[in-house]
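Source file: run.txt. Holds: compact mmCIF, C-alpha atoms and all ligand atoms.
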```
# COMPACT_ATOMS: atom_id res chain seq x y z
CA MET Q 11 -39.70 47.09 215.85
CA GLY Q 12 -39.15 49.82 213.28
CA VAL Q 13 -38.22 49.64 209.60
CA LEU Q 14 -34.81 51.09 210.47
CA ASP Q 15 -33.75 49.04 213.48
CA GLY Q 16 -29.94 48.94 213.67
CA ARG Q 17 -29.42 51.37 210.79
CA VAL Q 18 -27.37 54.58 210.94
CA VAL Q 19 -28.48 57.65 208.97
CA ILE Q 20 -27.04 61.14 208.45
CA VAL Q 21 -29.61 63.90 207.78
CA THR Q 22 -28.30 67.27 206.58
CA GLY Q 23 -30.23 70.38 207.60
CA GLY Q 24 -31.81 68.15 210.25
CA GLY Q 25 -32.33 70.93 212.80
CA ARG Q 26 -35.47 72.48 211.37
CA GLY Q 27 -38.44 72.00 209.08
CA LEU Q 28 -38.43 68.88 206.92
CA GLY Q 29 -35.01 67.73 208.15
CA ARG Q 30 -36.11 67.79 211.79
CA ALA Q 31 -39.27 65.84 210.94
CA HIS Q 32 -37.16 63.27 209.03
CA CYS Q 33 -34.76 62.88 211.99
CA LEU Q 34 -37.62 62.26 214.44
CA GLU Q 35 -39.30 59.71 212.16
CA LEU Q 36 -36.01 57.92 211.42
CA ALA Q 37 -35.33 57.67 215.16
CA ARG Q 38 -38.90 56.45 215.78
CA GLN Q 39 -38.24 53.73 213.21
CA GLY Q 40 -35.15 52.59 215.14
CA ALA Q 41 -32.27 54.38 213.36
CA SER Q 42 -29.34 56.06 215.05
CA VAL Q 43 -29.43 59.56 213.58
CA VAL Q 44 -26.68 62.08 212.91
CA VAL Q 45 -28.42 65.45 212.93
CA ASN Q 46 -26.33 67.79 210.80
CA ASP Q 47 -27.24 71.49 210.71
CA LEU Q 48 -25.09 74.57 210.24
CA GLY Q 49 -27.85 76.75 211.68
CA VAL Q 50 -28.24 79.51 209.11
CA GLY Q 51 -30.98 82.05 208.45
CA VAL Q 52 -33.60 81.62 205.77
CA ARG Q 53 -31.34 83.18 203.08
CA GLY Q 54 -28.24 81.31 204.28
CA GLU Q 55 -26.97 84.12 206.52
CA SER Q 56 -24.81 83.10 209.51
CA THR Q 57 -26.27 82.73 212.98
CA ASP Q 58 -24.47 81.70 216.15
CA GLN Q 59 -26.53 78.64 216.89
CA SER Q 60 -27.07 75.26 215.28
CA PRO Q 61 -30.50 73.79 216.10
CA ALA Q 62 -29.05 70.26 215.71
CA GLN Q 63 -28.51 69.77 219.45
CA GLU Q 64 -32.19 70.46 220.21
CA VAL Q 65 -33.27 67.70 217.82
CA VAL Q 66 -30.72 65.34 219.38
CA GLY Q 67 -32.35 66.22 222.73
CA GLU Q 68 -35.81 65.34 221.36
CA ILE Q 69 -34.52 62.01 220.04
CA THR Q 70 -32.74 61.04 223.26
CA ALA Q 71 -35.85 62.04 225.24
CA MET Q 72 -37.83 59.44 223.28
CA GLY Q 73 -35.15 56.80 224.01
CA GLY Q 74 -33.36 57.03 220.67
CA SER Q 75 -29.73 57.53 219.82
CA ALA Q 76 -28.41 60.60 218.00
CA LEU Q 77 -25.39 62.81 217.43
CA ALA Q 78 -25.32 66.54 216.60
CA ASP Q 79 -23.07 68.01 213.93
CA ALA Q 80 -22.76 71.62 212.77
CA THR Q 81 -20.58 71.26 209.66
CA SER Q 82 -21.65 73.04 206.48
CA VAL Q 83 -22.64 70.64 203.72
CA THR Q 84 -20.51 72.76 201.37
CA ASP Q 85 -17.37 71.85 203.37
CA TRP Q 86 -15.75 69.06 201.32
CA PRO Q 87 -13.28 67.70 203.91
CA GLY Q 88 -15.91 68.41 206.57
CA MET Q 89 -18.37 66.01 204.90
CA GLU Q 90 -15.64 63.38 204.60
CA ALA Q 91 -14.89 63.80 208.32
CA LEU Q 92 -18.62 63.56 209.09
CA VAL Q 93 -18.82 60.14 207.44
CA GLU Q 94 -15.72 59.02 209.41
CA ARG Q 95 -17.08 60.38 212.71
CA THR Q 96 -20.43 58.66 212.14
CA VAL Q 97 -18.76 55.29 211.53
CA GLU Q 98 -16.49 55.78 214.58
CA ARG Q 99 -19.46 56.60 216.80
CA PHE Q 100 -22.09 54.15 215.53
CA GLY Q 101 -19.95 51.46 213.84
CA ASP Q 102 -21.39 51.91 210.33
CA LEU Q 103 -23.35 54.16 207.97
CA HIS Q 104 -26.40 52.95 206.03
CA ALA Q 105 -28.07 56.03 204.57
CA VAL Q 106 -27.63 59.73 203.90
CA VAL Q 107 -30.53 62.17 203.55
CA ASN Q 108 -29.45 65.27 201.61
CA ASN Q 109 -31.87 67.93 202.80
CA ALA Q 110 -29.97 71.11 203.83
CA GLY Q 111 -30.61 74.28 201.90
CA PHE Q 112 -31.92 77.80 201.66
CA LEU Q 113 -33.48 80.14 199.11
CA ARG Q 114 -32.36 83.39 197.47
CA ASP Q 115 -35.27 83.96 195.11
CA ARG Q 116 -35.00 86.74 192.54
CA ILE Q 117 -36.25 87.22 189.04
CA LEU Q 118 -33.54 86.22 186.54
CA THR Q 119 -32.61 89.76 185.54
CA ALA Q 120 -32.17 90.82 189.20
CA MET Q 121 -30.36 87.70 190.44
CA SER Q 122 -26.81 88.42 191.59
CA GLU Q 123 -23.82 86.18 191.05
CA ASP Q 124 -23.69 85.61 194.80
CA ASP Q 125 -27.39 84.60 194.96
CA PHE Q 126 -26.73 82.07 192.24
CA ASP Q 127 -23.46 80.69 193.61
CA ALA Q 128 -24.67 80.39 197.23
CA VAL Q 129 -27.82 78.46 196.31
CA ILE Q 130 -26.03 76.17 193.86
CA ALA Q 131 -23.36 75.52 196.51
CA VAL Q 132 -25.65 74.59 199.39
CA HIS Q 133 -28.03 72.41 197.37
CA LEU Q 134 -25.99 70.94 194.53
CA LYS Q 135 -22.44 70.86 195.87
CA GLY Q 136 -23.72 70.00 199.35
CA THR Q 137 -25.65 67.02 197.99
CA PHE Q 138 -22.63 65.93 195.96
CA ALA Q 139 -20.18 66.27 198.86
CA LEU Q 140 -21.96 63.99 201.30
CA THR Q 141 -23.12 61.57 198.58
CA ARG Q 142 -19.58 61.25 197.24
CA HIS Q 143 -17.99 60.57 200.63
CA ALA Q 144 -20.72 58.13 201.70
CA CYS Q 145 -20.52 56.26 198.38
CA THR Q 146 -16.73 56.02 198.65
CA TYR Q 147 -17.15 54.53 202.13
CA TRP Q 148 -19.65 51.95 200.76
CA ARG Q 149 -17.53 51.11 197.72
CA ASP Q 150 -14.46 50.53 199.94
CA LYS Q 151 -16.54 48.34 202.23
CA VAL Q 152 -17.69 46.17 199.33
CA LYS Q 153 -14.10 45.94 198.06
CA SER Q 154 -13.03 44.68 201.48
CA GLY Q 155 -15.56 41.84 201.11
CA ALA Q 156 -18.45 43.19 203.21
CA LYS Q 157 -22.08 43.36 202.11
CA VAL Q 158 -23.61 46.82 201.85
CA SER Q 159 -27.17 48.17 201.69
CA GLY Q 160 -26.44 51.88 201.27
CA ARG Q 161 -29.15 54.44 200.57
CA VAL Q 162 -28.87 57.96 199.17
CA VAL Q 163 -32.02 60.04 199.57
CA SER Q 164 -31.76 63.50 198.04
CA THR Q 165 -34.22 66.36 198.05
CA THR Q 166 -35.45 67.87 194.82
CA SER Q 167 -38.49 70.13 194.41
CA GLY Q 168 -41.33 71.17 192.14
CA ALA Q 169 -39.15 74.12 191.04
CA GLY Q 170 -36.51 71.66 189.84
CA LEU Q 171 -38.92 69.24 188.20
CA PHE Q 172 -41.41 71.66 186.62
CA GLY Q 173 -39.81 75.12 186.92
CA ASN Q 174 -40.88 78.13 188.99
CA VAL Q 175 -40.60 81.86 188.40
CA GLY Q 176 -37.96 83.57 190.58
CA GLN Q 177 -35.98 80.40 191.21
CA THR Q 178 -33.40 80.12 188.40
CA ASN Q 179 -30.71 79.30 190.98
CA TYR Q 180 -32.77 76.98 193.18
CA GLY Q 181 -34.67 75.25 190.35
CA SER Q 182 -31.44 74.59 188.45
CA ALA Q 183 -29.81 73.09 191.56
CA LYS Q 184 -32.85 70.95 192.35
CA SER Q 185 -33.13 69.71 188.77
CA ALA Q 186 -29.43 68.83 188.76
CA ILE Q 187 -29.92 66.98 192.05
CA ALA Q 188 -32.54 64.77 190.36
CA THR Q 189 -30.06 63.98 187.59
CA MET Q 190 -27.22 63.44 190.09
CA MET Q 191 -29.44 60.94 191.88
CA LEU Q 192 -30.09 59.10 188.60
CA ILE Q 193 -26.39 58.84 187.77
CA THR Q 194 -25.54 57.82 191.34
CA ALA Q 195 -28.17 55.08 191.06
CA MET Q 196 -26.57 53.83 187.82
CA GLU Q 197 -22.99 53.89 189.15
CA MET Q 198 -23.65 52.52 192.63
CA GLN Q 199 -26.01 49.66 191.73
CA ARG Q 200 -23.11 47.18 191.64
CA TYR Q 201 -22.20 48.08 195.24
CA GLY Q 202 -25.64 47.52 196.75
CA VAL Q 203 -26.40 51.24 197.01
CA THR Q 204 -29.66 52.83 195.84
CA ALA Q 205 -30.25 56.51 195.15
CA ASN Q 206 -33.68 58.12 195.06
CA ALA Q 207 -35.07 61.62 195.50
CA VAL Q 208 -38.07 63.09 197.24
CA SER Q 209 -39.94 66.23 196.24
CA PRO Q 210 -41.78 67.39 199.38
CA ILE Q 211 -44.23 70.22 200.02
CA ALA Q 212 -44.32 71.54 203.57
CA ALA Q 213 -45.11 74.66 205.57
CA THR Q 214 -41.62 75.33 206.91
CA ARG Q 215 -39.91 78.69 207.34
CA MET Q 216 -38.63 78.19 203.76
CA LEU Q 217 -42.18 78.07 202.39
CA ALA Q 218 -43.23 80.93 204.69
CA SER Q 219 -40.46 83.03 203.12
CA ILE Q 220 -42.36 82.76 199.82
CA GLY Q 221 -45.78 83.34 201.42
CA ARG Q 222 -47.18 79.89 202.39
CA THR Q 223 -48.03 79.00 205.99
CA ALA Q 224 -49.29 75.99 207.98
CA ASP Q 225 -52.94 75.19 208.59
CA GLN Q 226 -53.75 76.55 212.08
CA SER Q 227 -57.20 74.91 212.31
CA GLY Q 228 -55.98 71.90 214.29
CA ALA Q 229 -57.18 69.53 211.56
CA TRP Q 230 -54.73 67.21 209.81
CA ASP Q 231 -52.39 69.51 207.93
CA ARG Q 232 -51.59 68.75 204.29
CA LEU Q 233 -48.47 70.92 204.67
CA ASP Q 234 -47.09 69.32 207.86
CA PRO Q 235 -43.35 68.60 207.20
CA ALA Q 236 -43.78 65.22 208.90
CA ASN Q 237 -45.97 64.03 205.98
CA ALA Q 238 -42.89 63.39 203.82
CA SER Q 239 -40.85 61.66 206.53
CA PRO Q 240 -42.34 58.12 206.36
CA VAL Q 241 -41.38 58.02 202.66
CA VAL Q 242 -37.84 59.14 203.54
CA ALA Q 243 -37.67 56.50 206.29
CA TRP Q 244 -38.75 53.76 203.88
CA LEU Q 245 -36.19 54.91 201.30
CA CYS Q 246 -33.48 54.59 203.99
CA SER Q 247 -34.57 51.06 204.88
CA GLU Q 248 -33.17 47.75 203.74
CA GLU Q 249 -36.61 46.88 202.33
CA SER Q 250 -36.48 49.61 199.65
CA GLY Q 251 -33.37 48.05 198.06
CA TRP Q 252 -35.28 47.00 194.91
CA MET Q 253 -35.99 50.60 193.91
CA SER Q 254 -33.41 53.08 192.63
CA GLY Q 255 -33.20 56.12 190.38
CA GLN Q 256 -36.73 57.35 191.19
CA VAL Q 257 -38.23 60.70 192.17
CA LEU Q 258 -41.13 60.47 194.62
CA ARG Q 259 -43.26 63.55 195.10
CA VAL Q 260 -44.97 63.67 198.48
CA ASP Q 261 -47.95 66.00 198.73
CA GLY Q 262 -49.96 65.62 201.93
CA ASN Q 263 -51.26 62.06 202.03
CA THR Q 264 -50.23 61.19 198.45
CA VAL Q 265 -46.97 59.86 197.05
CA SER Q 266 -46.47 59.97 193.28
CA ARG Q 267 -43.64 58.85 191.02
CA VAL Q 268 -42.37 61.57 188.71
CA LYS Q 269 -40.96 60.50 185.35
CA SER Q 270 -37.70 61.98 184.14
CA TRP Q 271 -37.28 63.76 180.81
CA GLU Q 272 -38.44 61.60 177.94
CA VAL Q 273 -38.49 62.03 174.15
CA ALA Q 274 -41.97 63.23 173.22
CA GLU Q 275 -41.99 63.25 169.40
CA ALA Q 276 -39.49 63.38 166.53
CA TYR Q 277 -39.07 64.67 162.96
CA ARG Q 278 -36.63 63.03 160.52
CA SER Q 279 -35.06 65.06 157.67
CA ARG Q 280 -36.58 64.75 154.20
CA SER Q 281 -33.23 63.76 152.68
CA GLY Q 282 -32.40 61.11 155.27
CA GLU Q 283 -29.18 63.04 155.96
CA ALA Q 284 -28.64 66.20 158.06
CA LEU Q 285 -31.56 68.57 158.54
CA THR Q 286 -31.38 71.74 156.44
CA ALA Q 287 -32.03 75.22 157.86
CA GLU Q 288 -34.95 75.59 155.43
CA GLU Q 289 -36.85 72.55 156.69
CA VAL Q 290 -36.27 72.96 160.46
CA GLY Q 291 -39.13 75.43 161.05
CA THR Q 292 -41.77 73.44 159.14
CA GLY Q 293 -40.38 70.14 160.41
CA ILE Q 294 -40.67 71.16 164.06
CA ARG Q 295 -44.15 72.61 163.47
CA LYS Q 296 -45.21 69.33 161.87
CA MET Q 297 -43.63 67.37 164.69
CA MET Q 298 -45.41 69.31 167.41
CA GLY Q 299 -48.80 69.50 165.70
CA ALA Q 300 -50.64 72.38 164.06
CA LEU Q 301 -51.02 74.58 167.17
CA PRO Q 302 -48.03 76.55 168.39
CA ARG Q 303 -46.97 75.40 171.87
CA GLY Q 304 -44.67 77.13 174.35
CA LEU Q 305 -43.26 76.74 177.86
CA GLY Q 306 -42.48 73.04 177.55
CA ALA Q 307 -46.14 71.98 177.08
N1 LIG T 1 -40.64 73.42 202.32
C1 LIG T 1 -41.01 72.99 201.12
O1 LIG T 1 -42.17 73.06 200.70
C2 LIG T 1 -39.99 72.36 200.22
C3 LIG T 1 -40.40 71.99 198.92
C4 LIG T 1 -39.49 71.35 198.09
C5 LIG T 1 -38.20 71.11 198.54
N2 LIG T 1 -37.82 71.52 199.80
C6 LIG T 1 -36.47 71.24 200.22
O2 LIG T 1 -36.48 70.59 201.48
C7 LIG T 1 -35.26 70.89 202.17
C8 LIG T 1 -35.55 71.40 203.57
O3 LIG T 1 -36.25 72.64 203.46
P1 LIG T 1 -37.14 73.25 204.64
O4 LIG T 1 -38.35 73.79 203.99
O5 LIG T 1 -37.27 72.28 205.76
O6 LIG T 1 -36.21 74.49 205.07
P2 LIG T 1 -35.72 75.02 206.52
O7 LIG T 1 -35.16 76.37 206.26
O8 LIG T 1 -36.81 74.88 207.52
O9 LIG T 1 -34.56 73.99 206.91
C9 LIG T 1 -33.36 73.92 206.23
C10 LIG T 1 -32.25 73.64 207.22
O10 LIG T 1 -31.00 73.52 206.49
C11 LIG T 1 -29.99 74.11 207.27
N3 LIG T 1 -28.85 74.49 206.43
C12 LIG T 1 -28.81 75.51 205.52
N4 LIG T 1 -27.60 75.58 204.96
C13 LIG T 1 -26.85 74.58 205.50
C14 LIG T 1 -25.53 74.13 205.31
N5 LIG T 1 -24.69 74.76 204.46
N6 LIG T 1 -25.09 73.04 205.99
C15 LIG T 1 -25.92 72.40 206.87
N7 LIG T 1 -27.18 72.81 207.11
C16 LIG T 1 -27.65 73.88 206.44
C17 LIG T 1 -30.65 75.32 207.92
O11 LIG T 1 -29.94 75.78 209.06
C18 LIG T 1 -32.04 74.77 208.23
O12 LIG T 1 -32.13 74.29 209.56
C19 LIG T 1 -34.50 71.87 201.29
O13 LIG T 1 -33.58 71.18 200.50
C20 LIG T 1 -35.59 72.45 200.42
O14 LIG T 1 -35.09 72.97 199.21
C21 LIG T 1 -38.69 72.14 200.64
```

Output the file's structure in the form of structure tokens.
Amino acid sequence: MGVLDGRVVIVTGGGRGLGRAHCLELARQGASVVVNDLGVGVRGESTDQSPAQEVVGEITAMGGSALADATSVTDWPGMEALVERTVERFGDLHAVVNNAGFLRDRILTAMSEDDFDAVIAVHLKGTFALTRHACTYWRDKVKSGAKVSGRVVSTTSGAGLFGNVGQTNYGSAKSAIATMMLITAMEMQRYGVTANAVSPIAATRMLASIGRTADQSGAWDRLDPANASPVVAWLCSEESGWMSGQVLRVDGNTVSRVKSWEVAEAYRSRSGEALTAEEVGTGIRKMMGALPRGLGA
């Protein structure tokens, strides 16, 4: 008995790294898994092979059920067709895990338009495309009188939540994904659909591309991609239905809840009407305390 017995889940970018680990854990927990992966290089460059079929092979070898798919998450009709194909093959869809992506890190002043557009497209539009088509499927199901327990699990990151040098494109996309998840949670609550996000840390080829590698000592590895997968599996389960609109950061053996933007302090104008240009500087200084603070502290 697993926490996902009888459930059907699509995982994007499921052929490698975190996505592969999620697919294996979801299958272990009893889900039928659609392993989506376009099979691109670490900067999003084309390759001839999708690794999705290999992961399907691993799942079937352990007695699970899975389907490979090589559609790009940026392909709008392709994501709609993926939802349809999943329902045709497995009879339903219960969760989507938005995980596909790649990096094109550059310092702001050296970042090209293409580096920006490509990273925004794969992370932000890709997350929107599958989320939108899955949510439309669930809304239509509810309207036809059926009960739904849909789950959207999206992938944000420390760069999106706290910022990171060299990642204007990626951090902006990941931050927007956290907000998209929040709005999805608000809009889809009435249909029995939750939306949450995970912020993982793992030694995948993506992390290696910015200089971090796995622990080779044979000891339990804090950066093993599989560390985040039990949290993803639980978020896909029926049991997690009480929780929506949350960001869970998974670092090794620890899961933490990250709060969204909140108002820290305020200054009201002296007149009680609009602030004047003359009082803004002193007002903000007063509001933030005597010491100058920068960088969002
Ligand atoms: N590795 C980390 O520490 C870390 C930290 C925070 C967030 N993340 C996020 O986790 C997710 C997975 O990253 P990873 O480290 O496993 O990277 P990875 O490069 O190992 O895997 C990403 C997979 O996505 C696939 N992919 C890329 N573009 C695609 C597209 N258009 N359509 C379908 N598939 C596509 C790739 O082929 C690849 O197999 C990403 O969203 C990443 O931003 C990773």

Radius query 12 Å about (-34.1, 61.6, 179.6), atoms used: only C-alpha atoms, as a compact mmCIF listing (two decimals) with C-alpha atoms, in the coordinates of the input:
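Written file, point08.txt:
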```
# COMPACT_ATOMS: atom_id res chain seq x y z
CA ALA Q 188 -32.54 64.77 190.36
CA THR Q 189 -30.06 63.98 187.59
CA LEU Q 192 -30.09 59.10 188.60
CA ILE Q 193 -26.39 58.84 187.77
CA LYS Q 269 -40.96 60.50 185.35
CA SER Q 270 -37.70 61.98 184.14
CA TRP Q 271 -37.28 63.76 180.81
CA GLU Q 272 -38.44 61.60 177.94
CA VAL Q 273 -38.49 62.03 174.15
CA ALA Q 274 -41.97 63.23 173.22
```

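The nearest approach to ligand LIG 1 (chain T) among the residues Q:Tyr201, Q:Trp244, Q:Phe112, Q:Phe138, with all atoms listed in the file taken into account, belongs to Q:Phe112.
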
Given a cut-off of 7 Å, what residues near ligand LIG 1 (chain T) show up using only C-alpha atoms and all ligand atoms, put as a short mmCIF file (atom, residue, chain, number, x, y, z; two decimals) with C-alpha atoms, keeping the file's coordinate frame?
```
data_model
loop_
_atom_site.label_atom_id
_atom_site.label_comp_id
_atom_site.auth_asym_id
_atom_site.auth_seq_id
_atom_site.Cartn_x
_atom_site.Cartn_y
_atom_site.Cartn_z
CA THR Q 22 -28.30 67.27 206.58
CA GLY Q 23 -30.23 70.38 207.60
CA GLY Q 24 -31.81 68.15 210.25
CA GLY Q 25 -32.33 70.93 212.80
CA ARG Q 26 -35.47 72.48 211.37
CA GLY Q 27 -38.44 72.00 209.08
CA LEU Q 28 -38.43 68.88 206.92
CA GLY Q 29 -35.01 67.73 208.15
CA ASN Q 46 -26.33 67.79 210.80
CA ASP Q 47 -27.24 71.49 210.71
CA LEU Q 48 -25.09 74.57 210.24
CA GLY Q 49 -27.85 76.75 211.68
CA VAL Q 50 -28.24 79.51 209.11
CA GLY Q 51 -30.98 82.05 208.45
CA VAL Q 52 -33.60 81.62 205.77
CA GLY Q 54 -28.24 81.31 204.28
CA SER Q 60 -27.07 75.26 215.28
CA PRO Q 61 -30.50 73.79 216.10
CA ALA Q 80 -22.76 71.62 212.77
CA THR Q 81 -20.58 71.26 209.66
CA SER Q 82 -21.65 73.04 206.48
CA VAL Q 83 -22.64 70.64 203.72
CA THR Q 84 -20.51 72.76 201.37
CA ASN Q 109 -31.87 67.93 202.80
CA ALA Q 110 -29.97 71.11 203.83
CA GLY Q 111 -30.61 74.28 201.90
CA PHE Q 112 -31.92 77.80 201.66
CA VAL Q 132 -25.65 74.59 199.39
CA HIS Q 133 -28.03 72.41 197.37
CA THR Q 165 -34.22 66.36 198.05
CA THR Q 166 -35.45 67.87 194.82
CA SER Q 167 -38.49 70.13 194.41
CA GLY Q 168 -41.33 71.17 192.14
CA SER Q 209 -39.94 66.23 196.24
CA PRO Q 210 -41.78 67.39 199.38
CA ILE Q 211 -44.23 70.22 200.02
CA ALA Q 212 -44.32 71.54 203.57
CA ALA Q 213 -45.11 74.66 205.57
CA THR Q 214 -41.62 75.33 206.91
CA ARG Q 215 -39.91 78.69 207.34
CA MET Q 216 -38.63 78.19 203.76
CA LEU Q 217 -42.18 78.07 202.39
#
```

Could you pull the residues within 7 Å of segment 64-72 of chain Q, counting all atoms listed in the file, minus those fewer than 2 positions along the same chain, as a PyMOL selection string?
chain Q and resi 25+30+34+37+45+61-62+74-78

Residue nearest Leu14 of chain Q - candidates Q:Ala284, Q:Ala243, Q:Val265, Q:Leu113, atoms counted: all atoms listed in the file
Q:Ala243
